[in-house]
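Written below as structure tokens is the structure these notes are about.
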Amino acid sequence: MLSLGRKKRDGWLAIGFSPDRIDVAHVLRPVGGKPRVMRLESYARSTDDAAALTVLGKKKELGQYRCTTLLAPGAYQVLQVESPDVPPEDMREAVRWSLKDALEFPVESATVDIATIPVSAGAGRRPPLLVVAADNGVVWPRMQAFDASRLDLAAIDVPEMAQRNIAALVEDANRGLAMLSFDESGGLLTFTFQGELCVGRRIEVSSSQLAGADEERRGQLFERIGLELQRSLDNFERQYTSISISKIVLGPVPFAPGLLEHLREYVYLPVVGLDLTSLLDCSGVPELSQPALQAERLAVIGAALRDESQGARA
């Protein structure tokens with residue numbers, strides 16, 4: 001998302017903040033091999049993030065890493081806009097002011113980053129842009145916490161982009177991919193193509209709701225998820241006629257037994273389950289064989305999979 005221009009050692013250390021914990025993941029991406037999960041840890045979160053990061057930085061030697069962090073859902077907006085007809089160096093500022101009526105916070109206090117959606121725009125049209133915007137009132141305190149702890153915050157990401165990084169590992173050549181995952185904040189459905197995010201949307205069903213539901217309520221939640229998935233597929237196909245979705249990938253959902261089978265009956269596309277151990281070298285973190293841990297840490301691992309070798313990325 002928001003590249004801050006600093007660089008340290010190979011790989012990324014992603015630091016995610018949940019209400020009660022801080023998650024840390026370090027991933028290396030060797031040329032020609034599977035991405036390798038080097039570290040995956042979790043620590044209790046205090047009321048003072050800067051103090052907690054300072055302690056972790058010293059005790060766990062986090063200062064030697066290039067870091068990225070994740071903004072929480074609701075702390076930012078992801079929007080699609082037409083690419084303005086301006087020189088590349090003026091693009092970001094032109095996009096910023098085009099958002100003034102779409103943002104939920106003043107455009108003057110917005111931090112904005114952009115990415116090109118890899119679709120054909122048609123004759124005479126510029127490709128659409130995906131815009132991530134966050135209020136500086138959210139971004140700056142996070143940056144200040146890292147600065148105070150002397151950790152090298154090189155980028156700030158959002159869950160949609162983190163999920164894109166995982167989806168890129170399972171895309172079929174020249175085909176689009178839909179990926180659906182669930183955690184405590186709810187469901188996240190992304191549509192990607194050629195390793196880039198095209199659409200991201202939220203489904204207001206959380207992992208705890210699914211885990212705590214009785215059989216009748218779980219069936220209702222499954223119906224809601226299936227309906228929202230089908231509507232999103234229909235909308236995507238209407239908007240992106242040049243992209244053919246090959247399959248739907250469902251993230252680990254051990255808290256929702258039967259959801260995979262339900263979705264297979266609900267939509268016409270193949271639905272496959274995700275197992276991170278088939279995509280990543282997890283030999284250094286054997287506990288990642290547990291689906292519950294995969295589901296809980298999916299976003300922070302996705303953020304640590306950040307890959308800038310393919311050119312400009314959000």
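Residue numbering restarts at 1 in every chain; chains get A, B, ... in the order shown in the structure tokens, and ligands count up from 1 in that same order.
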(request) Name the residues in contact with Asp157 of chain A at a cut-off of 10 Å, using only C-alpha atoms, excluding same-chain residues fewer than 3 positions from it; report them as a ChimeraX atom specification. (result) /A:1-3,14,16,68-72,132,160-162,300,302-304,306,314
(request) Tell me which protein, DNA and RNA residues are within 10 Å of Ile301 of chain A, counting only C-alpha atoms, leaving out same-chain ones fewer than 3 positions away, and put them as a count of residues only. (result) 25
(request) Could you please write out, as an MDAnalysis selection string, every residue of segment 83-130 of chain A that DSSP assigns to strand (DSSP E or B)? (result) chainID A and resid 110:116 129:130
(message) Which residues are near Trp97 of chain A? Cut-off 10 Å, only C-alpha atoms, ignore same chain within fewer than 6 positions. Put them as an MDAnalysis selection string.
(response) chainID A and resid 107:108 110
Output file for the selection above: C-alpha atoms, as a PDB file, in the first residue's frame:
ATOM      1  CA  VAL A 107      -9.124  14.721   1.658  1.00  0.00           C
ATOM      2  CA  GLU A 108      -6.565  17.183   3.061  1.00  0.00           C
ATOM      3  CA  ALA A 110      -5.619  11.593   3.531  1.00  0.00           C
TER       4      ALA A 110
END
(message) Just to confirm, what's the straight-line distance from atom CA of Met179 of chain A to atom CA of Leu274 of chain A in Å (one decimal)?
(response) 9.3 Å
(message) Which residues are near Ser289 of chain A? Cut-off 12 Å, only C-alpha atoms, ignore same chain within fewer than 2 positions. Put them as an NGL selection string.
(response) :A and (252 or 274-287 or 291-295)
Mind dumping the selected residues with N, CA, C and O atoms as a PDB file, in the first residue's frame?
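File written: result_15.pdb
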ATOM      1  N   PRO A 252      -8.619 -21.221   5.149  1.00  0.00           N
ATOM      2  CA  PRO A 252      -8.886 -22.205   6.205  1.00  0.00           C
ATOM      3  C   PRO A 252     -10.066 -21.775   7.074  1.00  0.00           C
ATOM      4  O   PRO A 252     -10.100 -20.647   7.579  1.00  0.00           O
ATOM      5  N   LEU A 274      -7.917 -23.860   0.885  1.00  0.00           N
ATOM      6  CA  LEU A 274      -6.530 -23.411   0.915  1.00  0.00           C
ATOM      7  C   LEU A 274      -5.786 -24.068   2.065  1.00  0.00           C
ATOM      8  O   LEU A 274      -6.274 -24.098   3.198  1.00  0.00           O
ATOM      9  N   ASP A 275      -4.598 -24.565   1.770  1.00  0.00           N
ATOM     10  CA  ASP A 275      -3.680 -25.073   2.786  1.00  0.00           C
ATOM     11  C   ASP A 275      -2.340 -24.392   2.561  1.00  0.00           C
ATOM     12  O   ASP A 275      -1.670 -24.627   1.554  1.00  0.00           O
ATOM     13  N   LEU A 276      -1.946 -23.530   3.481  1.00  0.00           N
ATOM     14  CA  LEU A 276      -0.717 -22.767   3.298  1.00  0.00           C
ATOM     15  C   LEU A 276       0.513 -23.654   3.179  1.00  0.00           C
ATOM     16  O   LEU A 276       1.498 -23.269   2.543  1.00  0.00           O
ATOM     17  N   THR A 277       0.476 -24.828   3.782  1.00  0.00           N
ATOM     18  CA  THR A 277       1.665 -25.694   3.734  1.00  0.00           C
ATOM     19  C   THR A 277       1.931 -26.221   2.327  1.00  0.00           C
ATOM     20  O   THR A 277       3.041 -26.686   2.044  1.00  0.00           O
ATOM     21  N   SER A 278       0.930 -26.147   1.440  1.00  0.00           N
ATOM     22  CA  SER A 278       1.153 -26.566   0.056  1.00  0.00           C
ATOM     23  C   SER A 278       1.742 -25.448  -0.794  1.00  0.00           C
ATOM     24  O   SER A 278       2.267 -25.696  -1.885  1.00  0.00           O
ATOM     25  N   LEU A 279       1.667 -24.216  -0.299  1.00  0.00           N
ATOM     26  CA  LEU A 279       2.158 -23.062  -1.045  1.00  0.00           C
ATOM     27  C   LEU A 279       3.479 -22.529  -0.518  1.00  0.00           C
ATOM     28  O   LEU A 279       4.261 -21.951  -1.263  1.00  0.00           O
ATOM     29  N   LEU A 280       3.706 -22.714   0.782  1.00  0.00           N
ATOM     30  CA  LEU A 280       4.851 -22.124   1.455  1.00  0.00           C
ATOM     31  C   LEU A 280       5.727 -23.202   2.066  1.00  0.00           C
ATOM     32  O   LEU A 280       5.250 -24.289   2.403  1.00  0.00           O
ATOM     33  N   ASP A 281       6.992 -22.894   2.212  1.00  0.00           N
ATOM     34  CA  ASP A 281       7.892 -23.751   2.969  1.00  0.00           C
ATOM     35  C   ASP A 281       7.717 -23.404   4.445  1.00  0.00           C
ATOM     36  O   ASP A 281       8.182 -22.359   4.903  1.00  0.00           O
ATOM     37  N   CYS A 282       7.017 -24.263   5.153  1.00  0.00           N
ATOM     38  CA  CYS A 282       6.699 -24.017   6.559  1.00  0.00           C
ATOM     39  C   CYS A 282       7.543 -24.877   7.494  1.00  0.00           C
ATOM     40  O   CYS A 282       7.190 -25.053   8.670  1.00  0.00           O
ATOM     41  N   SER A 283       8.648 -25.424   6.985  1.00  0.00           N
ATOM     42  CA  SER A 283       9.447 -26.341   7.789  1.00  0.00           C
ATOM     43  C   SER A 283      10.003 -25.680   9.046  1.00  0.00           C
ATOM     44  O   SER A 283      10.216 -26.340  10.061  1.00  0.00           O
ATOM     45  N   GLY A 284      10.208 -24.360   8.978  1.00  0.00           N
ATOM     46  CA  GLY A 284      10.711 -23.653  10.151  1.00  0.00           C
ATOM     47  C   GLY A 284       9.639 -23.319  11.151  1.00  0.00           C
ATOM     48  O   GLY A 284       9.947 -22.917  12.283  1.00  0.00           O
ATOM     49  N   VAL A 285       8.372 -23.471  10.747  1.00  0.00           N
ATOM     50  CA  VAL A 285       7.233 -23.179  11.632  1.00  0.00           C
ATOM     51  C   VAL A 285       6.242 -24.335  11.496  1.00  0.00           C
ATOM     52  O   VAL A 285       5.180 -24.197  10.889  1.00  0.00           O
ATOM     53  N   PRO A 286       6.571 -25.526  12.019  1.00  0.00           N
ATOM     54  CA  PRO A 286       5.736 -26.709  11.797  1.00  0.00           C
ATOM     55  C   PRO A 286       4.316 -26.579  12.331  1.00  0.00           C
ATOM     56  O   PRO A 286       3.414 -27.262  11.839  1.00  0.00           O
ATOM     57  N   GLU A 287       4.102 -25.684  13.312  1.00  0.00           N
ATOM     58  CA  GLU A 287       2.747 -25.523  13.854  1.00  0.00           C
ATOM     59  C   GLU A 287       1.779 -24.939  12.834  1.00  0.00           C
ATOM     60  O   GLU A 287       0.565 -24.955  13.028  1.00  0.00           O
ATOM     61  N   PRO A 291      -4.884 -25.869  10.766  1.00  0.00           N
ATOM     62  CA  PRO A 291      -5.771 -24.949  10.039  1.00  0.00           C
ATOM     63  C   PRO A 291      -6.201 -23.749  10.871  1.00  0.00           C
ATOM     64  O   PRO A 291      -6.345 -22.647  10.341  1.00  0.00           O
ATOM     65  N   ALA A 292      -6.399 -23.944  12.176  1.00  0.00           N
ATOM     66  CA  ALA A 292      -6.830 -22.826  13.021  1.00  0.00           C
ATOM     67  C   ALA A 292      -5.774 -21.728  13.054  1.00  0.00           C
ATOM     68  O   ALA A 292      -6.095 -20.531  13.015  1.00  0.00           O
ATOM     69  N   LEU A 293      -4.504 -22.110  13.113  1.00  0.00           N
ATOM     70  CA  LEU A 293      -3.429 -21.119  13.125  1.00  0.00           C
ATOM     71  C   LEU A 293      -3.313 -20.447  11.764  1.00  0.00           C
ATOM     72  O   LEU A 293      -3.069 -19.238  11.673  1.00  0.00           O
ATOM     73  N   GLN A 294      -3.487 -21.209  10.702  1.00  0.00           N
ATOM     74  CA  GLN A 294      -3.455 -20.624   9.366  1.00  0.00           C
ATOM     75  C   GLN A 294      -4.536 -19.553   9.219  1.00  0.00           C
ATOM     76  O   GLN A 294      -4.286 -18.470   8.678  1.00  0.00           O
ATOM     77  N   ALA A 295      -5.734 -19.861   9.692  1.00  0.00           N
ATOM     78  CA  ALA A 295      -6.838 -18.905   9.584  1.00  0.00           C
ATOM     79  C   ALA A 295      -6.557 -17.648  10.387  1.00  0.00           C
ATOM     80  O   ALA A 295      -6.812 -16.528   9.931  1.00  0.00           O
TER      81      ALA A 295
END
(message) I'd like to know which of A:Val119, A:Leu263, A:Val272, A:Cys198 is closest to Val249 of chain A, using only C-alpha atoms.
(response)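 Selected residue with least distance to Val249 of chain A: A:Val272.
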(request) Tell me, as a VMD selection string, which residues lie within 8 Å of segment 176-178 of chain A, counting only C-alpha atoms; anything in the same chain fewer than 3 positions away does not count. (result) chain A and resid 167 171 to 172 189 to 194 243 to 249
(request) Work out how far apart atom CA of Tyr266 of chain A and atom CA of Pro73 of chain A are and give it in Å to one decimal. (result) 27.1 Å
(request) Take atom CA of Leu129 of chain A and atom CA of Val199 of chain A and report the distance between them in Å, one decimal. (result) 10.8 Å
(request) For Val267 of chain A, please output as a list in words all residues within 12 Å (counting only C-alpha atoms; exclusion window: fewer than 5 positions along the same chain). (result)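 Near Val267 of chain A, the qualifying residues are Ala178, Glu223, Ile225, Gly226, Leu227, Glu228, Leu229, Gln230, Arg231, Ser232, Leu233, Asp234, Lys247, Ile248, Leu260, Glu261 and His262 of chain A.
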Export of the given selection (N, CA, C and O atoms) as a PDB file, in the first residue's frame:
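The resulting file, result_13.pdb, is shown below:
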ATOM      1  N   ALA A 178     -10.974 -15.718  -7.412  1.00  0.00           N
ATOM      2  CA  ALA A 178     -11.722 -15.201  -6.266  1.00  0.00           C
ATOM      3  C   ALA A 178     -11.235 -15.924  -5.020  1.00  0.00           C
ATOM      4  O   ALA A 178     -11.077 -17.146  -5.035  1.00  0.00           O
ATOM      5  N   GLU A 223     -25.977 -19.546   4.097  1.00  0.00           N
ATOM      6  CA  GLU A 223     -26.818 -19.022   3.021  1.00  0.00           C
ATOM      7  C   GLU A 223     -26.452 -17.578   2.715  1.00  0.00           C
ATOM      8  O   GLU A 223     -26.393 -17.174   1.547  1.00  0.00           O
ATOM      9  N   ILE A 225     -23.558 -16.096   3.233  1.00  0.00           N
ATOM     10  CA  ILE A 225     -22.242 -16.066   2.578  1.00  0.00           C
ATOM     11  C   ILE A 225     -22.365 -16.477   1.116  1.00  0.00           C
ATOM     12  O   ILE A 225     -21.801 -15.841   0.218  1.00  0.00           O
ATOM     13  N   GLY A 226     -23.110 -17.567   0.864  1.00  0.00           N
ATOM     14  CA  GLY A 226     -23.280 -18.029  -0.503  1.00  0.00           C
ATOM     15  C   GLY A 226     -23.947 -16.995  -1.384  1.00  0.00           C
ATOM     16  O   GLY A 226     -23.545 -16.781  -2.532  1.00  0.00           O
ATOM     17  N   LEU A 227     -24.974 -16.337  -0.845  1.00  0.00           N
ATOM     18  CA  LEU A 227     -25.687 -15.319  -1.623  1.00  0.00           C
ATOM     19  C   LEU A 227     -24.777 -14.135  -1.943  1.00  0.00           C
ATOM     20  O   LEU A 227     -24.754 -13.655  -3.081  1.00  0.00           O
ATOM     21  N   GLU A 228     -24.011 -13.689  -0.952  1.00  0.00           N
ATOM     22  CA  GLU A 228     -23.120 -12.550  -1.183  1.00  0.00           C
ATOM     23  C   GLU A 228     -21.999 -12.925  -2.146  1.00  0.00           C
ATOM     24  O   GLU A 228     -21.573 -12.102  -2.971  1.00  0.00           O
ATOM     25  N   LEU A 229     -21.530 -14.150  -2.070  1.00  0.00           N
ATOM     26  CA  LEU A 229     -20.503 -14.606  -3.003  1.00  0.00           C
ATOM     27  C   LEU A 229     -21.042 -14.624  -4.422  1.00  0.00           C
ATOM     28  O   LEU A 229     -20.389 -14.150  -5.361  1.00  0.00           O
ATOM     29  N   GLN A 230     -22.242 -15.160  -4.608  1.00  0.00           N
ATOM     30  CA  GLN A 230     -22.823 -15.232  -5.944  1.00  0.00           C
ATOM     31  C   GLN A 230     -23.077 -13.839  -6.512  1.00  0.00           C
ATOM     32  O   GLN A 230     -22.798 -13.568  -7.691  1.00  0.00           O
ATOM     33  N   ARG A 231     -23.591 -12.930  -5.678  1.00  0.00           N
ATOM     34  CA  ARG A 231     -23.822 -11.563  -6.147  1.00  0.00           C
ATOM     35  C   ARG A 231     -22.515 -10.892  -6.551  1.00  0.00           C
ATOM     36  O   ARG A 231     -22.448 -10.194  -7.563  1.00  0.00           O
ATOM     37  N   SER A 232     -21.480 -11.117  -5.761  1.00  0.00           N
ATOM     38  CA  SER A 232     -20.187 -10.512  -6.066  1.00  0.00           C
ATOM     39  C   SER A 232     -19.608 -11.071  -7.357  1.00  0.00           C
ATOM     40  O   SER A 232     -19.014 -10.331  -8.153  1.00  0.00           O
ATOM     41  N   LEU A 233     -19.765 -12.377  -7.573  1.00  0.00           N
ATOM     42  CA  LEU A 233     -19.310 -12.978  -8.828  1.00  0.00           C
ATOM     43  C   LEU A 233     -20.046 -12.376 -10.016  1.00  0.00           C
ATOM     44  O   LEU A 233     -19.438 -12.040 -11.039  1.00  0.00           O
ATOM     45  N   ASP A 234     -21.356 -12.233  -9.891  1.00  0.00           N
ATOM     46  CA  ASP A 234     -22.150 -11.662 -10.983  1.00  0.00           C
ATOM     47  C   ASP A 234     -21.713 -10.231 -11.274  1.00  0.00           C
ATOM     48  O   ASP A 234     -21.566  -9.839 -12.443  1.00  0.00           O
ATOM     49  N   LYS A 247     -11.563 -20.170 -10.563  1.00  0.00           N
ATOM     50  CA  LYS A 247     -11.962 -20.899  -9.361  1.00  0.00           C
ATOM     51  C   LYS A 247     -12.106 -19.943  -8.193  1.00  0.00           C
ATOM     52  O   LYS A 247     -11.702 -18.779  -8.268  1.00  0.00           O
ATOM     53  N   ILE A 248     -12.688 -20.457  -7.131  1.00  0.00           N
ATOM     54  CA  ILE A 248     -12.813 -19.743  -5.868  1.00  0.00           C
ATOM     55  C   ILE A 248     -11.988 -20.495  -4.834  1.00  0.00           C
ATOM     56  O   ILE A 248     -12.116 -21.714  -4.693  1.00  0.00           O
ATOM     57  N   LEU A 260     -17.263 -25.262   2.915  1.00  0.00           N
ATOM     58  CA  LEU A 260     -16.698 -25.559   1.594  1.00  0.00           C
ATOM     59  C   LEU A 260     -17.698 -26.322   0.743  1.00  0.00           C
ATOM     60  O   LEU A 260     -17.948 -25.971  -0.423  1.00  0.00           O
ATOM     61  N   GLU A 261     -18.305 -27.349   1.315  1.00  0.00           N
ATOM     62  CA  GLU A 261     -19.278 -28.163   0.570  1.00  0.00           C
ATOM     63  C   GLU A 261     -20.509 -27.328   0.213  1.00  0.00           C
ATOM     64  O   GLU A 261     -21.065 -27.476  -0.892  1.00  0.00           O
ATOM     65  N   HIS A 262     -20.928 -26.471   1.111  1.00  0.00           N
ATOM     66  CA  HIS A 262     -22.094 -25.623   0.831  1.00  0.00           C
ATOM     67  C   HIS A 262     -21.818 -24.702  -0.359  1.00  0.00           C
ATOM     68  O   HIS A 262     -22.672 -24.577  -1.256  1.00  0.00           O
TER      69      HIS A 262
END
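Proximity of A:Ala102, A:Leu288, A:Val253, A:Val139 to Leu210 of chain A, computed with only C-alpha atoms, is greatest for A:Val253.
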(request) Have a look at A:Leu197, A:Ala154, A:Leu99, A:Val86 and name the one nearest to Leu130 of chain A; count only C-alpha atoms. (result)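 Checking each of A:Leu197, A:Ala154, A:Leu99, A:Val86 against Leu130 of chain A, counting only C-alpha atoms, the winner is A:Leu197.
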(message) Run DSSP on the backbone and tell me which residues of segment 89-254 of chain A come out as helix (DSSP H, G or I); list them as a PyMOL selection string.
(response) chain A and resi 89-98+107-109+136-148+159-167+207-212+215-239
(message) Let me make sure I understand: among A:Leu79, A:Ile22, A:Met91, A:Ala256, which one has the smallest atom-to-atom distance to Arg45 of chain A if we use only C-alpha atoms?
(response)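 Closest to Arg45 of chain A, using only C-alpha atoms: A:Ile22.
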Contacts of segment 6-102 of chain A with segment 143-152 of chain A up to 10 Å, shortest pair per row, only C-alpha atoms, as JSON lines:
{"residue": "A:Arg6", "atom": "CA", "partner": "A:Asp152", "partner_atom": "CA", "distance": 7.3}
{"residue": "A:Lys7", "atom": "CA", "partner": "A:Asp152", "partner_atom": "CA", "distance": 7.9}
{"residue": "A:Lys8", "atom": "CA", "partner": "A:Asp152", "partner_atom": "CA", "distance": 7.7}
{"residue": "A:Leu13", "atom": "CA", "partner": "A:Asp152", "partner_atom": "CA", "distance": 9.7}
{"residue": "A:Asp48", "atom": "CA", "partner": "A:Ala145", "partner_atom": "CA", "distance": 8.7}
{"residue": "A:Asp49", "atom": "CA", "partner": "A:Ala145", "partner_atom": "CA", "distance": 6.2}
{"residue": "A:Ala50", "atom": "CA", "partner": "A:Ala145", "partner_atom": "CA", "distance": 4.2}
{"residue": "A:Ala51", "atom": "CA", "partner": "A:Ser149", "partner_atom": "CA", "distance": 7.1}
{"residue": "A:Ala52", "atom": "CA", "partner": "A:Ser149", "partner_atom": "CA", "distance": 8.4}
{"residue": "A:Leu53", "atom": "CA", "partner": "A:Ser149", "partner_atom": "CA", "distance": 5.7}
{"residue": "A:Thr54", "atom": "CA", "partner": "A:Ser149", "partner_atom": "CA", "distance": 4.3}
{"residue": "A:Val55", "atom": "CA", "partner": "A:Ser149", "partner_atom": "CA", "distance": 8.0}
{"residue": "A:Leu56", "atom": "CA", "partner": "A:Ser149", "partner_atom": "CA", "distance": 8.9}
{"residue": "A:Gly57", "atom": "CA", "partner": "A:Leu151", "partner_atom": "CA", "distance": 6.9}
{"residue": "A:Lys58", "atom": "CA", "partner": "A:Ser149", "partner_atom": "CA", "distance": 9.0}
{"residue": "A:Glu61", "atom": "CA", "partner": "A:Leu151", "partner_atom": "CA", "distance": 9.7}
{"residue": "A:Leu62", "atom": "CA", "partner": "A:Leu151", "partner_atom": "CA", "distance": 6.9}
{"residue": "A:Gly63", "atom": "CA", "partner": "A:Leu151", "partner_atom": "CA", "distance": 5.0}
{"residue": "A:Gln64", "atom": "CA", "partner": "A:Asp152", "partner_atom": "CA", "distance": 8.0}
{"residue": "A:Tyr65", "atom": "CA", "partner": "A:Asp152", "partner_atom": "CA", "distance": 6.8}
{"residue": "A:Arg66", "atom": "CA", "partner": "A:Asp152", "partner_atom": "CA", "distance": 5.5}
{"residue": "A:Cys67", "atom": "CA", "partner": "A:Asp152", "partner_atom": "CA", "distance": 5.7}
{"residue": "A:Thr68", "atom": "CA", "partner": "A:Asp152", "partner_atom": "CA", "distance": 8.5}
{"residue": "A:Thr69", "atom": "CA", "partner": "A:Met143", "partner_atom": "CA", "distance": 9.5}
